[in-house]
Amino acid sequence: MISFDLPSNTKKTVKFREPTVDDCMAFCDLNIELEERSTTEYLNALQGDNYDDSINWTGDDRRMALWWIFINTHQDLDLTYNYHCQHCDEEHYFNVNMVQLDNTVKTLDRKPVEVVKTLINDELVPITVSPLNGRALQYIEQVHIEALQFDKESSDYAKAVAYMRMLEVVLSFKLANEPLDWEEAIDYRLAIVKGLRQEKEFKPLVAKIKIALQDLEHGLLSDIQEGIINLISPPHYCPNWVEKNEKGEATGNAPSTTLLMRFHSFAFIPNALEV
Ligand SMILES: [Zn+2]
C-alpha cells in the first residue's frame with residue numbers, strides 16, 4: 001500500500017493500492033476534457049471501499065496524490081526538457097527527476113481556510129476563502145466542455161471563458177448567510193458578485209482572495225494562470241557559467257533557471273497498457 005498524507009491536512013492519511021492492469025483498462029477511454037472527473041474516480045478507486053472522497057480534497061491534494069502514486073510505482077521518473085538559457089544564450093538539456101519535486105512540497109499546519117473582510121455593497125463583510133476543491137474543479141471543467149462547442153473566435157466562447165474566470169472567484173469563497181445547498185450557494189454568490197462595483201469592490205475581492213490563497217499554498221510548487229497548471233521545476237544551474245574570483249578560481253555561483261512544466265492529470269493516470 002502507498003501511504004499518503006494530504007498536504008492540506010497532514011493529519012489525514014489515506015492508503016492507495018498500486019494501479020493494476022484492470023485500472024488501465026478502466027481508464028483507457030479517459031477523456032482529456034474530463035480530467036478532473038477522472039482524477040476523482042481514479043483516486044477513489046485506488047483507495048478501495050473505505051475511501052475518503054477525493055472530490056472534497058483541494059486541487060493541490062489531488063495533484064500531489066497523483067504524483068505520489070506515480071513516483072511510488074514507476075521506474076523511469078526522468079522527464080527531459082530543453083530550454084534557452086538566459087545566462088549564456090545557449091540551449092541546455094535538463095533532466096528533471098520527478099522525485100526531486102519532493103523538495104518543493106509545502107504542507108499546511110492549519111485548515112485550508114482563511115477569513116478576510118471585503119467590501120460588498122458598501123459594507124465590510126467577512127468571507128471564508130479556501131482553495132478550489134475537486135467538486136469546484138469538476139464544475140468548472142463542465143462549463144469548459146460547454147464552452148468548447150462554440151467557435152473560439154465567437155462572442156459566445158468569450159462569454160463562456162469569462163464565466164469560467166468568474167466561477168474561479170465565486171467558488172473560492174463562502175458567505176456566512178448563503179444557502180446550504182452547494183449549487184444554490186453558487187447562484188447566490190454569483191448574483192452578489194455580479195452586482196459589485198468593478199473598481200471599488202470586485203477588484204479588491206479578487207486581490208484579497210489571491211493573497212489568502214497564497215497564504216494557504218500547499219502541495220507541489222506550482223503556478224496556475226487562467227486555469228493552466230504548471231509545476232515548477234527544481235533549479236537548473238547553467239553549466240557554462242564560470243564566475244571567477246580575483247585569484248582566477250571558479251566560485252561555483254552559477255545562476256539557475258526554473259522551468260514551468262505543464263501538468264495534466266492524464267499523464268499520471270495509467271490509461272494505456274505499456275507492453
Ligand atoms: Zn547557460
# chains A, B, ... in the order shown; residues from 1 in each chain; ligands from 1
>>> select_by_dssp(residues="region 41-197 of chain A", states="helix (DSSP H, G or I)", output="count of residues only")
73
>>> residues_near_ligand(ligand="ligand 1", cutoff="7 Å", atoms="only C-alpha atoms and all ligand atoms", output="MDAnalysis selection string")
chainID A and resid 85:90 92 238:241
>>> residues_around(residues="Trp68 (chain A)", least_positions_apart="5", cutoff="10 Å", atoms="only C-alpha atoms", output="count of residues only")
12
>>> residues_around(residues="region 19-25 of chain A", least_positions_apart="6", cutoff="9 Å", atoms="only C-alpha atoms", output="ChimeraX atom specification")
/A:42,45-46,69,73,269-273
>>> closest_residue(among="A:Pro7, A:Phe150, A:Ala212, A:Lys247", to="Thr104 (chain A)", atoms="only C-alpha atoms")
A:Pro7
>>> residues_around(residues="region 200-211 of chain A", least_positions_apart="2", cutoff="7 Å", atoms="only C-alpha atoms", output="MDAnalysis selection string")
chainID A and resid 118:120 129 169 196:198 213:215
>>> write_last_selection(atoms="C-alpha atoms", output="CSV table (one decimal), in the first residue's frame")
chain,number,residue,atom,x,y,z
A,118,THR,CA,-14.1,42.7,1.9
A,119,LEU,CA,-16.4,45.4,0.7
A,120,ILE,CA,-19.7,44.1,-0.6
A,129,VAL,CA,-11.6,31.8,1.4
A,169,VAL,CA,-13.6,33.6,-8.0
A,196,LEU,CA,-20.3,44.6,-7.2
A,197,ARG,CA,-18.7,47.8,-8.4
A,198,GLN,CA,-15.8,46.8,-10.6
A,213,LEU,CA,-4.8,31.6,-1.4
A,214,GLN,CA,-1.1,32.4,-1.3
A,215,ASP,CA,-1.1,32.1,2.5
>>> select_by_dssp(residues="region 183-236 of chain A", states="strand (DSSP E or B)", output="MDAnalysis selection string")
chainID A and resid 219 222:225 228:232 236
>>> closest_residue(among="A:Ala160, A:Leu231, A:Val170, A:Leu108", to="Glu183 (chain A)", atoms="only C-alpha atoms")
A:Val170
>>> atom_distance(atom1="CA of Glu91 (chain A)", atom2="CA of Leu221 (chain A)")
24.6 Å
>>> closest_residue(among="A:Ala136, A:Ile228, A:Ile55, A:Ala147", to="Ser172 (chain A)", atoms="only C-alpha atoms")
A:Ala136
>>> closest_residue(among="A:Glu153, A:Glu36, A:Asp187, A:Glu226", to="Asn133 (chain A)", atoms="only C-alpha atoms")
A:Glu36
